[in-house]
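Dropping final20.tsv in here (TSV, N, CA and C atoms):
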```tsv
chain	number	residue	atom	x	y	z
A	1	GLN	N	97.18	115.89	21.09
A	1	GLN	CA	96.00	116.61	20.64
A	1	GLN	C	95.00	116.68	21.79
A	2	LEU	N	94.62	117.91	22.12
A	2	LEU	CA	93.65	118.08	23.21
A	2	LEU	C	92.27	117.62	22.76
A	3	GLN	N	91.62	116.86	23.61
A	3	GLN	CA	90.24	116.44	23.37
A	3	GLN	C	89.39	116.90	24.53
A	4	LEU	N	88.17	117.37	24.21
A	4	LEU	CA	87.26	117.89	25.23
A	4	LEU	C	85.95	117.12	25.19
A	5	VAL	N	85.43	116.82	26.37
A	5	VAL	CA	84.16	116.12	26.47
A	5	VAL	C	83.29	116.83	27.50
A	6	GLU	N	82.13	117.31	27.05
A	6	GLU	CA	81.18	117.96	27.97
A	6	GLU	C	80.27	116.92	28.61
A	7	SER	N	79.82	117.23	29.79
A	7	SER	CA	78.83	116.41	30.49
A	7	SER	C	78.03	117.29	31.43
A	8	GLY	N	76.94	116.73	31.94
A	8	GLY	CA	76.15	117.45	32.93
A	8	GLY	C	74.87	118.05	32.39
A	9	GLY	N	74.64	117.94	31.10
A	9	GLY	CA	73.40	118.46	30.55
A	9	GLY	C	72.22	117.59	30.93
A	10	GLY	N	71.03	118.07	30.58
A	10	GLY	CA	69.82	117.31	30.88
A	10	GLY	C	68.60	118.19	30.88
A	11	LEU	N	67.53	117.66	31.42
A	11	LEU	CA	66.24	118.37	31.51
A	11	LEU	C	66.12	118.99	32.90
A	12	VAL	N	65.80	120.26	32.95
A	12	VAL	CA	65.66	120.96	34.22
A	12	VAL	C	64.45	121.90	34.13
A	13	GLN	N	63.79	122.10	35.25
A	13	GLN	CA	62.63	123.00	35.27
A	13	GLN	C	63.09	124.45	35.30
A	14	PRO	N	62.26	125.36	34.81
A	14	PRO	CA	62.59	126.78	34.91
A	14	PRO	C	62.90	127.18	36.35
A	15	GLY	N	63.94	127.98	36.50
A	15	GLY	CA	64.39	128.37	37.83
A	15	GLY	C	65.42	127.43	38.42
A	16	GLY	N	65.63	126.30	37.78
A	16	GLY	CA	66.56	125.31	38.29
A	16	GLY	C	68.01	125.62	37.94
A	17	SER	N	68.88	124.69	38.33
A	17	SER	CA	70.32	124.86	38.12
A	17	SER	C	70.93	123.60	37.53
A	18	LEU	N	72.01	123.80	36.82
A	18	LEU	CA	72.82	122.70	36.30
A	18	LEU	C	74.27	123.14	36.32
A	19	THR	N	75.16	122.17	36.47
A	19	THR	CA	76.58	122.44	36.32
A	19	THR	C	77.12	121.55	35.20
A	20	LEU	N	77.65	122.19	34.18
A	20	LEU	CA	78.27	121.48	33.08
A	20	LEU	C	79.76	121.32	33.34
A	21	ALA	N	80.30	120.19	32.91
A	21	ALA	CA	81.73	119.95	33.04
A	21	ALA	C	82.34	119.77	31.66
A	22	CYS	N	83.59	120.13	31.55
A	22	CYS	CA	84.35	120.00	30.31
A	22	CYS	C	85.65	119.29	30.66
A	23	ALA	N	85.71	118.00	30.41
A	23	ALA	CA	86.87	117.20	30.77
A	23	ALA	C	87.84	117.13	29.60
A	24	ALA	N	89.10	117.39	29.90
A	24	ALA	CA	90.13	117.39	28.87
A	24	ALA	C	91.01	116.15	28.96
A	25	SER	N	91.48	115.71	27.81
A	25	SER	CA	92.45	114.62	27.75
A	25	SER	C	93.41	114.87	26.59
A	26	GLY	N	94.51	114.17	26.59
A	26	GLY	CA	95.47	114.33	25.51
A	26	GLY	C	96.47	115.44	25.73
A	27	ASN	N	96.20	116.33	26.66
A	27	ASN	CA	97.09	117.43	26.98
A	27	ASN	C	96.61	118.04	28.29
A	28	THR	N	97.45	118.85	28.90
A	28	THR	CA	97.04	119.48	30.16
A	28	THR	C	96.23	120.74	29.87
A	29	LEU	N	95.09	120.83	30.51
A	29	LEU	CA	94.16	121.93	30.24
A	29	LEU	C	94.72	123.27	30.69
A	30	ASP	N	95.68	123.27	31.63
A	30	ASP	CA	96.19	124.54	32.12
A	30	ASP	C	97.03	125.30	31.08
A	31	SER	N	97.24	124.68	29.92
A	31	SER	CA	97.90	125.38	28.82
A	31	SER	C	96.92	126.14	27.94
A	32	TYR	N	95.64	126.07	28.29
A	32	TYR	CA	94.59	126.62	27.44
A	32	TYR	C	93.62	127.48	28.22
A	33	ALA	N	93.17	128.54	27.58
A	33	ALA	CA	91.99	129.25	28.06
A	33	ALA	C	90.76	128.47	27.60
A	34	ILE	N	89.68	128.59	28.36
A	34	ILE	CA	88.45	127.84	28.06
A	34	ILE	C	87.33	128.81	27.77
A	35	GLY	N	86.50	128.44	26.83
A	35	GLY	CA	85.28	129.19	26.54
A	35	GLY	C	84.09	128.26	26.53
A	36	TRP	N	82.94	128.81	26.87
A	36	TRP	CA	81.67	128.08	26.78
A	36	TRP	C	80.77	128.79	25.77
A	37	PHE	N	80.11	127.99	24.95
A	37	PHE	CA	79.22	128.48	23.92
A	37	PHE	C	77.92	127.67	23.98
A	38	ARG	N	76.91	128.19	23.31
A	38	ARG	CA	75.68	127.41	23.16
A	38	ARG	C	75.08	127.69	21.79
A	39	GLN	N	74.28	126.73	21.35
A	39	GLN	CA	73.58	126.90	20.09
A	39	GLN	C	72.17	126.36	20.23
A	40	ALA	N	71.21	127.26	20.13
A	40	ALA	CA	69.81	126.89	20.18
A	40	ALA	C	69.34	126.51	18.78
A	41	PRO	N	68.24	125.77	18.68
A	41	PRO	CA	67.73	125.37	17.37
A	41	PRO	C	67.50	126.57	16.46
A	42	ALA	N	67.98	126.45	15.25
A	42	ALA	CA	67.81	127.47	14.22
A	42	ALA	C	68.49	128.79	14.55
A	43	LYS	N	69.46	128.75	15.47
A	43	LYS	CA	70.20	129.96	15.82
A	43	LYS	C	71.70	129.71	15.69
A	44	GLY	N	72.46	130.79	15.61
A	44	GLY	CA	73.89	130.67	15.54
A	44	GLY	C	74.51	130.34	16.89
A	45	ARG	N	75.77	129.95	16.88
A	45	ARG	CA	76.46	129.64	18.11
A	45	ARG	C	76.81	130.92	18.85
A	46	GLU	N	76.47	130.92	20.14
A	46	GLU	CA	76.61	132.13	20.97
A	46	GLU	C	77.68	131.93	22.02
A	47	GLY	N	78.61	132.87	22.13
A	47	GLY	CA	79.62	132.82	23.17
A	47	GLY	C	79.04	133.24	24.50
A	48	LEU	N	79.35	132.51	25.57
A	48	LEU	CA	78.78	132.78	26.88
A	48	LEU	C	79.80	133.32	27.87
A	49	ALA	N	80.94	132.65	27.95
A	49	ALA	CA	81.92	133.01	28.97
A	49	ALA	C	83.27	132.43	28.60
A	50	CYS	N	84.31	133.02	29.16
A	50	CYS	CA	85.64	132.45	28.98
A	50	CYS	C	86.45	132.68	30.24
A	51	ILE	N	87.51	131.90	30.40
A	51	ILE	CA	88.32	131.95	31.60
A	51	ILE	C	89.78	131.75	31.21
A	52	SER	N	90.64	132.51	31.88
A	52	SER	CA	92.07	132.42	31.58
A	52	SER	C	92.65	131.08	32.03
A	53	ARG	N	93.88	130.84	31.65
A	53	ARG	CA	94.51	129.56	31.95
A	53	ARG	C	94.65	129.32	33.45
A	54	SER	N	94.90	130.37	34.18
A	54	SER	CA	95.04	130.22	35.63
A	54	SER	C	93.70	130.25	36.35
A	55	GLY	N	92.68	130.75	35.66
A	55	GLY	CA	91.37	130.90	36.29
A	55	GLY	C	91.16	132.25	36.96
A	56	GLU	N	92.16	133.12	36.90
A	56	GLU	CA	92.06	134.40	37.61
A	56	GLU	C	91.19	135.41	36.88
A	57	ILE	N	91.06	135.27	35.58
A	57	ILE	CA	90.31	136.25	34.80
A	57	ILE	C	89.16	135.56	34.10
A	58	THR	N	87.97	136.14	34.23
A	58	THR	CA	86.79	135.62	33.56
A	58	THR	C	86.09	136.74	32.80
A	59	HIS	N	85.30	136.33	31.83
A	59	HIS	CA	84.54	137.29	31.03
A	59	HIS	C	83.22	136.65	30.68
A	60	TYR	N	82.14	137.46	30.74
A	60	TYR	CA	80.81	136.92	30.50
A	60	TYR	C	80.05	137.74	29.46
A	61	ALA	N	79.23	137.04	28.71
A	61	ALA	CA	78.29	137.74	27.83
A	61	ALA	C	77.19	138.36	28.67
A	62	ASP	N	76.67	139.48	28.23
A	62	ASP	CA	75.62	140.17	28.98
A	62	ASP	C	74.38	139.30	29.17
A	63	SER	N	74.13	138.41	28.21
A	63	SER	CA	72.91	137.61	28.26
A	63	SER	C	72.86	136.66	29.44
A	64	ILE	N	74.02	136.30	29.99
A	64	ILE	CA	74.04	135.32	31.09
A	64	ILE	C	74.74	135.85	32.34
A	65	LYS	N	75.18	137.08	32.30
A	65	LYS	CA	75.91	137.65	33.43
A	65	LYS	C	75.03	137.65	34.68
A	66	GLY	N	75.59	137.18	35.77
A	66	GLY	CA	74.87	137.12	37.04
A	66	GLY	C	74.14	135.80	37.27
A	67	ARG	N	73.96	135.02	36.21
A	67	ARG	CA	73.28	133.73	36.36
A	67	ARG	C	74.24	132.56	36.18
A	68	PHE	N	75.23	132.71	35.31
A	68	PHE	CA	76.17	131.64	35.01
A	68	PHE	C	77.55	132.00	35.58
A	69	THR	N	78.28	130.98	35.98
A	69	THR	CA	79.64	131.16	36.50
A	69	THR	C	80.57	130.16	35.85
A	70	ILE	N	81.64	130.66	35.27
A	70	ILE	CA	82.65	129.79	34.67
A	70	ILE	C	83.77	129.59	35.68
A	71	SER	N	84.30	128.39	35.71
A	71	SER	CA	85.40	128.08	36.61
A	71	SER	C	86.22	126.94	36.03
A	72	ARG	N	87.30	126.61	36.69
A	72	ARG	CA	88.13	125.50	36.23
A	72	ARG	C	88.89	124.92	37.41
A	73	ASP	N	89.24	123.63	37.27
A	73	ASP	CA	90.09	122.96	38.24
A	73	ASP	C	91.20	122.29	37.43
A	74	ASN	N	92.32	122.96	37.35
A	74	ASN	CA	93.41	122.45	36.50
A	74	ASN	C	93.98	121.14	37.04
A	75	ALA	N	93.88	120.93	38.33
A	75	ALA	CA	94.35	119.66	38.89
A	75	ALA	C	93.51	118.49	38.37
A	76	LYS	N	92.24	118.78	38.08
A	76	LYS	CA	91.35	117.74	37.55
A	76	LYS	C	91.23	117.80	36.03
A	77	ASN	N	91.95	118.77	35.42
A	77	ASN	CA	91.92	118.90	33.96
A	77	ASN	C	90.49	119.13	33.45
A	78	THR	N	89.72	119.92	34.20
A	78	THR	CA	88.30	120.09	33.93
A	78	THR	C	87.89	121.54	34.08
A	79	GLY	N	87.01	121.97	33.18
A	79	GLY	CA	86.37	123.27	33.29
A	79	GLY	C	84.90	123.09	33.62
A	80	TYR	N	84.29	124.17	34.12
A	80	TYR	CA	82.89	124.07	34.55
A	80	TYR	C	82.10	125.30	34.12
A	81	LEU	N	80.79	125.10	33.99
A	81	LEU	CA	79.87	126.21	33.81
A	81	LEU	C	78.69	125.96	34.74
A	82	GLN	N	78.62	126.73	35.81
A	82	GLN	CA	77.52	126.66	36.74
A	82	GLN	C	76.40	127.55	36.23
A	83	MET	N	75.20	126.98	36.06
A	83	MET	CA	74.08	127.73	35.50
A	83	MET	C	72.94	127.76	36.50
A	84	ASN	N	72.54	128.94	36.90
A	84	ASN	CA	71.45	129.12	37.86
A	84	ASN	C	70.29	129.88	37.21
A	85	SER	N	69.15	129.82	37.85
A	85	SER	CA	67.96	130.56	37.39
A	85	SER	C	67.71	130.31	35.90
A	86	LEU	N	67.72	129.06	35.53
A	86	LEU	CA	67.59	128.72	34.12
A	86	LEU	C	66.20	129.05	33.60
A	87	GLU	N	66.18	129.47	32.35
A	87	GLU	CA	64.94	129.87	31.67
A	87	GLU	C	64.77	129.03	30.42
A	88	PRO	N	63.54	128.91	29.92
A	88	PRO	CA	63.35	128.13	28.68
A	88	PRO	C	64.23	128.63	27.53
A	89	GLU	N	64.54	129.92	27.54
A	89	GLU	CA	65.38	130.48	26.49
A	89	GLU	C	66.83	129.98	26.58
A	90	ASP	N	67.19	129.34	27.67
A	90	ASP	CA	68.54	128.78	27.81
A	90	ASP	C	68.65	127.39	27.17
A	91	THR	N	67.55	126.87	26.66
A	91	THR	CA	67.58	125.58	26.00
A	91	THR	C	68.47	125.62	24.77
A	92	ALA	N	69.46	124.74	24.74
A	92	ALA	CA	70.44	124.75	23.66
A	92	ALA	C	71.39	123.57	23.84
A	93	VAL	N	72.23	123.36	22.84
A	93	VAL	CA	73.39	122.49	22.99
A	93	VAL	C	74.54	123.37	23.47
A	94	TYR	N	75.19	122.95	24.54
A	94	TYR	CA	76.27	123.71	25.14
A	94	TYR	C	77.61	123.07	24.81
A	95	TYR	N	78.55	123.91	24.41
A	95	TYR	CA	79.87	123.45	23.99
A	95	TYR	C	80.96	124.12	24.82
A	96	CYS	N	82.01	123.38	25.11
A	96	CYS	CA	83.21	124.02	25.62
A	96	CYS	C	84.27	124.01	24.52
A	97	ALA	N	85.17	124.96	24.62
A	97	ALA	CA	86.23	125.10	23.63
A	97	ALA	C	87.49	125.59	24.32
A	98	ALA	N	88.62	125.37	23.67
A	98	ALA	CA	89.90	125.75	24.27
A	98	ALA	C	90.78	126.44	23.25
A	99	ARG	N	91.55	127.40	23.72
A	99	ARG	CA	92.52	128.10	22.89
A	99	ARG	C	93.74	128.40	23.74
A	100	ARG	N	94.89	128.48	23.12
A	100	ARG	CA	96.12	128.65	23.90
A	100	ARG	C	96.24	130.05	24.47
A	101	ARG	N	95.83	131.05	23.71
A	101	ARG	CA	96.03	132.42	24.17
A	101	ARG	C	94.72	132.97	24.71
A	102	PHE	N	94.76	133.58	25.89
A	102	PHE	CA	93.57	134.18	26.47
A	102	PHE	C	93.49	135.65	26.09
A	103	ASP	N	92.36	136.03	25.53
A	103	ASP	CA	92.11	137.41	25.16
A	103	ASP	C	90.64	137.69	25.39
A	104	PRO	N	90.29	138.44	26.44
A	104	PRO	CA	88.86	138.67	26.74
A	104	PRO	C	88.10	139.27	25.57
A	105	SER	N	88.78	140.06	24.76
A	105	SER	CA	88.10	140.68	23.62
A	105	SER	C	87.73	139.66	22.55
A	106	MET	N	88.35	138.49	22.60
A	106	MET	CA	88.08	137.43	21.64
A	106	MET	C	87.27	136.30	22.26
A	107	CYS	N	86.70	136.56	23.42
A	107	CYS	CA	86.01	135.52	24.20
A	107	CYS	C	84.94	134.81	23.38
A	108	SER	N	84.19	135.55	22.60
A	108	SER	CA	83.08	134.96	21.83
A	108	SER	C	83.45	134.68	20.38
A	109	SER	N	84.72	134.74	20.06
A	109	SER	CA	85.16	134.51	18.69
A	109	SER	C	85.29	133.02	18.42
A	110	ILE	N	84.32	132.47	17.72
A	110	ILE	CA	84.28	131.02	17.49
A	110	ILE	C	85.53	130.55	16.79
A	111	GLY	N	85.97	131.29	15.79
A	111	GLY	CA	87.11	130.87	14.98
A	111	GLY	C	88.44	130.92	15.69
A	112	SER	N	88.49	131.59	16.85
A	112	SER	CA	89.75	131.71	17.56
A	112	SER	C	90.04	130.52	18.45
A	113	TYR	N	89.06	129.63	18.64
A	113	TYR	CA	89.25	128.45	19.48
A	113	TYR	C	89.75	127.28	18.64
A	114	GLU	N	90.73	126.59	19.20
A	114	GLU	CA	91.40	125.53	18.45
A	114	GLU	C	90.80	124.15	18.67
A	115	HIS	N	90.14	123.97	19.79
A	115	HIS	CA	89.60	122.66	20.14
A	115	HIS	C	88.18	122.81	20.66
A	116	TRP	N	87.34	121.86	20.28
A	116	TRP	CA	85.92	121.89	20.66
A	116	TRP	C	85.47	120.53	21.17
A	117	GLY	N	84.53	120.56	22.11
A	117	GLY	CA	83.85	119.34	22.51
A	117	GLY	C	82.68	119.06	21.60
A	118	GLN	N	82.01	117.95	21.86
A	118	GLN	CA	80.90	117.52	20.99
A	118	GLN	C	79.57	118.13	21.41
A	119	GLY	N	79.53	118.74	22.59
A	119	GLY	CA	78.32	119.40	23.06
A	119	GLY	C	77.48	118.53	23.98
A	120	THR	N	76.71	119.19	24.83
A	120	THR	CA	75.77	118.51	25.70
A	120	THR	C	74.45	119.28	25.70
A	121	GLN	N	73.34	118.55	25.62
A	121	GLN	CA	72.02	119.19	25.49
A	121	GLN	C	71.53	119.65	26.85
A	122	VAL	N	71.06	120.88	26.91
A	122	VAL	CA	70.37	121.41	28.08
A	122	VAL	C	68.96	121.81	27.65
A	123	THR	N	67.98	121.26	28.32
A	123	THR	CA	66.58	121.59	28.03
A	123	THR	C	65.93	122.11	29.29
A	124	VAL	N	65.38	123.32	29.20
A	124	VAL	CA	64.70	123.94	30.33
A	124	VAL	C	63.22	123.98	30.02
A	125	SER	N	62.47	123.18	30.75
A	125	SER	CA	61.05	123.05	30.47
A	125	SER	C	60.33	122.51	31.69
A	126	SER	N	59.07	122.95	31.83
A	126	SER	CA	58.26	122.41	32.92
A	126	SER	C	57.44	121.22	32.43
```
Could I get this structure in the form of structure tokens?
Amino acid sequence: QLQLVESGGGLVQPGGSLTLACAASGNTLDSYAIGWFRQAPAKGREGLACISRSGEITHYADSIKGRFTISRDNAKNTGYLQMNSLEPEDTAVYYCAARRRFDPSMCSSIGSYEHWGQGTQVTVSS
């Protein structure tokens, strides 16, 4: 059973950067596509980005395109979300998720992901 653990969240000032990591155990991550989501207080879970199993194909939501970069290192069994130019509106709990089949059209489909991490808090504030 694949297990995912996010890390790297914290408090950052507006304009700052953070890199989130999604460490996998229990199975090899290269068998799964990865997605990143976030959920702000009193809001629904929002899909941000996804990446194919090999890392060759990525897809981004318009809300974060150009500021966030999704990547993966299959040798380390870890996925990443590099976040730049952070804004207070980016404050949320960030989740990584995994699914066996990669489909960019389903990138933000919460129900299509089979495995989820517990989330990591990102707070953007001065």
Open item on the list: I'd like the interatomic distance between atom CA of A:Arg101 and atom N of A:Tyr113, to a tenth of an Å.
Closed with: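 Between atom CA of A:Arg101 and atom N of A:Tyr113 the gap works out to 9.3 Å.
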Rows by chain and residue number, stretch 1-37 of chain A within 8 Å of stretch 41-53 of chain A, shortest pair, only N, CA and C atoms, as JSON lines:
```
{"residue": "A:Leu29", "atom": "C", "partner": "A:Arg53", "partner_atom": "CA", "distance": 6.4}
{"residue": "A:Asp30", "atom": "C", "partner": "A:Arg53", "partner_atom": "CA", "distance": 5.0}
{"residue": "A:Ser31", "atom": "C", "partner": "A:Arg53", "partner_atom": "CA", "distance": 5.8}
{"residue": "A:Tyr32", "atom": "C", "partner": "A:Arg53", "partner_atom": "CA", "distance": 4.4}
{"residue": "A:Ala33", "atom": "CA", "partner": "A:Arg53", "partner_atom": "N", "distance": 4.4}
{"residue": "A:Ile34", "atom": "C", "partner": "A:Ile51", "partner_atom": "N", "distance": 4.1}
{"residue": "A:Gly35", "atom": "CA", "partner": "A:Cys50", "partner_atom": "CA", "distance": 4.1}
{"residue": "A:Trp36", "atom": "C", "partner": "A:Leu48", "partner_atom": "N", "distance": 4.0}
{"residue": "A:Phe37", "atom": "CA", "partner": "A:Glu46", "partner_atom": "C", "distance": 4.2}
```
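With all atoms listed in the file as the atoms that count, the minimum distance from A:Ser54 to the choices A:Arg99, A:Gly111, A:Arg72, A:Gln1 is reached by A:Arg72.
DSSP on the backbone gives helix (DSSP H, G or I) for these parts of chain A: Leu29, Asp30, Ser31, Asn74, Ala75, Lys76, Pro88, Glu89, Asp90, Pro104, Ser105, Met106, Ile110, Gly111 and Ser112 of chain A.
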Include N, CA and C atoms and write out the residues we just selected as a short mmCIF file (atom, residue, chain, number, x, y, z; two decimals), keeping the file's coordinate frame.
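This went into out-v7.cif:
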```cif
data_model
loop_
_atom_site.label_atom_id
_atom_site.label_comp_id
_atom_site.auth_asym_id
_atom_site.auth_seq_id
_atom_site.Cartn_x
_atom_site.Cartn_y
_atom_site.Cartn_z
N LEU A 29 95.09 120.83 30.51
CA LEU A 29 94.16 121.93 30.24
C LEU A 29 94.72 123.27 30.69
N ASP A 30 95.68 123.27 31.63
CA ASP A 30 96.19 124.54 32.12
C ASP A 30 97.03 125.30 31.08
N SER A 31 97.24 124.68 29.92
CA SER A 31 97.90 125.38 28.82
C SER A 31 96.92 126.14 27.94
N ASN A 74 92.32 122.96 37.35
CA ASN A 74 93.41 122.45 36.50
C ASN A 74 93.98 121.14 37.04
N ALA A 75 93.88 120.93 38.33
CA ALA A 75 94.35 119.66 38.89
C ALA A 75 93.51 118.49 38.37
N LYS A 76 92.24 118.78 38.08
CA LYS A 76 91.35 117.74 37.55
C LYS A 76 91.23 117.80 36.03
N PRO A 88 63.54 128.91 29.92
CA PRO A 88 63.35 128.13 28.68
C PRO A 88 64.23 128.63 27.53
N GLU A 89 64.54 129.92 27.54
CA GLU A 89 65.38 130.48 26.49
C GLU A 89 66.83 129.98 26.58
N ASP A 90 67.19 129.34 27.67
CA ASP A 90 68.54 128.78 27.81
C ASP A 90 68.65 127.39 27.17
N PRO A 104 90.29 138.44 26.44
CA PRO A 104 88.86 138.67 26.74
C PRO A 104 88.10 139.27 25.57
N SER A 105 88.78 140.06 24.76
CA SER A 105 88.10 140.68 23.62
C SER A 105 87.73 139.66 22.55
N MET A 106 88.35 138.49 22.60
CA MET A 106 88.08 137.43 21.64
C MET A 106 87.27 136.30 22.26
N ILE A 110 84.32 132.47 17.72
CA ILE A 110 84.28 131.02 17.49
C ILE A 110 85.53 130.55 16.79
N GLY A 111 85.97 131.29 15.79
CA GLY A 111 87.11 130.87 14.98
C GLY A 111 88.44 130.92 15.69
N SER A 112 88.49 131.59 16.85
CA SER A 112 89.75 131.71 17.56
C SER A 112 90.04 130.52 18.45
#
```
Task: Selection: 8 Å around A:Glu87, only N, CA and C atoms, excl. self and same-chain fewer than 5 positions, as a ChimeraX atom specification - done: /A:12-16,123-125
Would you save the residues from that selection as a PDB file, keeping the file's coordinate frame, using N, CA and C atoms?
```
ATOM      1  N   VAL A  12      65.800 120.260  32.950  1.00  0.00           N
ATOM      2  CA  VAL A  12      65.660 120.960  34.220  1.00  0.00           C
ATOM      3  C   VAL A  12      64.450 121.900  34.130  1.00  0.00           C
ATOM      4  N   GLN A  13      63.790 122.100  35.250  1.00  0.00           N
ATOM      5  CA  GLN A  13      62.630 123.000  35.270  1.00  0.00           C
ATOM      6  C   GLN A  13      63.090 124.450  35.300  1.00  0.00           C
ATOM      7  N   PRO A  14      62.260 125.360  34.810  1.00  0.00           N
ATOM      8  CA  PRO A  14      62.590 126.780  34.910  1.00  0.00           C
ATOM      9  C   PRO A  14      62.900 127.180  36.350  1.00  0.00           C
ATOM     10  N   GLY A  15      63.940 127.980  36.500  1.00  0.00           N
ATOM     11  CA  GLY A  15      64.390 128.370  37.830  1.00  0.00           C
ATOM     12  C   GLY A  15      65.420 127.430  38.420  1.00  0.00           C
ATOM     13  N   GLY A  16      65.630 126.300  37.780  1.00  0.00           N
ATOM     14  CA  GLY A  16      66.560 125.310  38.290  1.00  0.00           C
ATOM     15  C   GLY A  16      68.010 125.620  37.940  1.00  0.00           C
ATOM     16  N   THR A 123      67.980 121.260  28.320  1.00  0.00           N
ATOM     17  CA  THR A 123      66.580 121.590  28.030  1.00  0.00           C
ATOM     18  C   THR A 123      65.930 122.110  29.290  1.00  0.00           C
ATOM     19  N   VAL A 124      65.380 123.320  29.200  1.00  0.00           N
ATOM     20  CA  VAL A 124      64.700 123.940  30.330  1.00  0.00           C
ATOM     21  C   VAL A 124      63.220 123.980  30.020  1.00  0.00           C
ATOM     22  N   SER A 125      62.470 123.180  30.750  1.00  0.00           N
ATOM     23  CA  SER A 125      61.050 123.050  30.470  1.00  0.00           C
ATOM     24  C   SER A 125      60.330 122.510  31.690  1.00  0.00           C
TER      25      SER A 125
END
```
- [ ] One decimal, Å: what's the distance from atom N of A:Gln3 over to atom N of A:Arg67, could you say?
- [x]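 That distance, rounded to one decimal, is 28.3 Å.
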Open item on the list: For a quick check of understanding, using only C-alpha atoms, which of A:Gln39, A:Ile57, A:Cys22, A:Gln82 has the smallest distance to A:Trp116?
Closed with: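 Among A:Gln39, A:Ile57, A:Cys22, A:Gln82, it is A:Cys22 that comes nearest to A:Trp116.
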- [ ] Take atom CA of A:Leu18 and atom CA of A:Leu86 and report the distance between them in Å, one decimal.
- [x]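 A separation of 8.3 Å between them.
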Task: Selected residue, from A:Arg100, A:Leu20, A:Asn27, A:Ser105, that lies nearest to A:Asn84 when counting only C-alpha atoms - done: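 When distances to A:Asn84 are compared using only C-alpha atoms, the smallest one comes from A:Leu20.
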Open item on the list: List the spatial neighbours of A:Thr91 as number ranges by chain - criterion: any atom at most 5 Å away, only N, CA and C atoms, same-chain residues fewer than 2 positions off excluded.
Closed with: A: 40, 88-89, 93, 122-124
- [ ] Considering only N, CA and C atoms, return as an MDAnalysis selection string whatever protein or nucleic-acid residues lie within 7 Å of A:Ser7, sequence-local ones (same chain, fewer than 4 positions apart) excluded.
- [x] chainID A and resid 19:23 119:120
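Across A:Leu2, A:Gly117, A:Pro104, A:Gly79, the tightest approach to A:His59 is made by A:Pro104 when counting only N, CA and C atoms.
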TODO: Report the residues of stretch 59-96 of chain A whose backbone DSSP state falls under strand (DSSP E or B), written as a PyMOL selection string.
DONE: chain A and resi 59-60+68-73+78-83+92-96
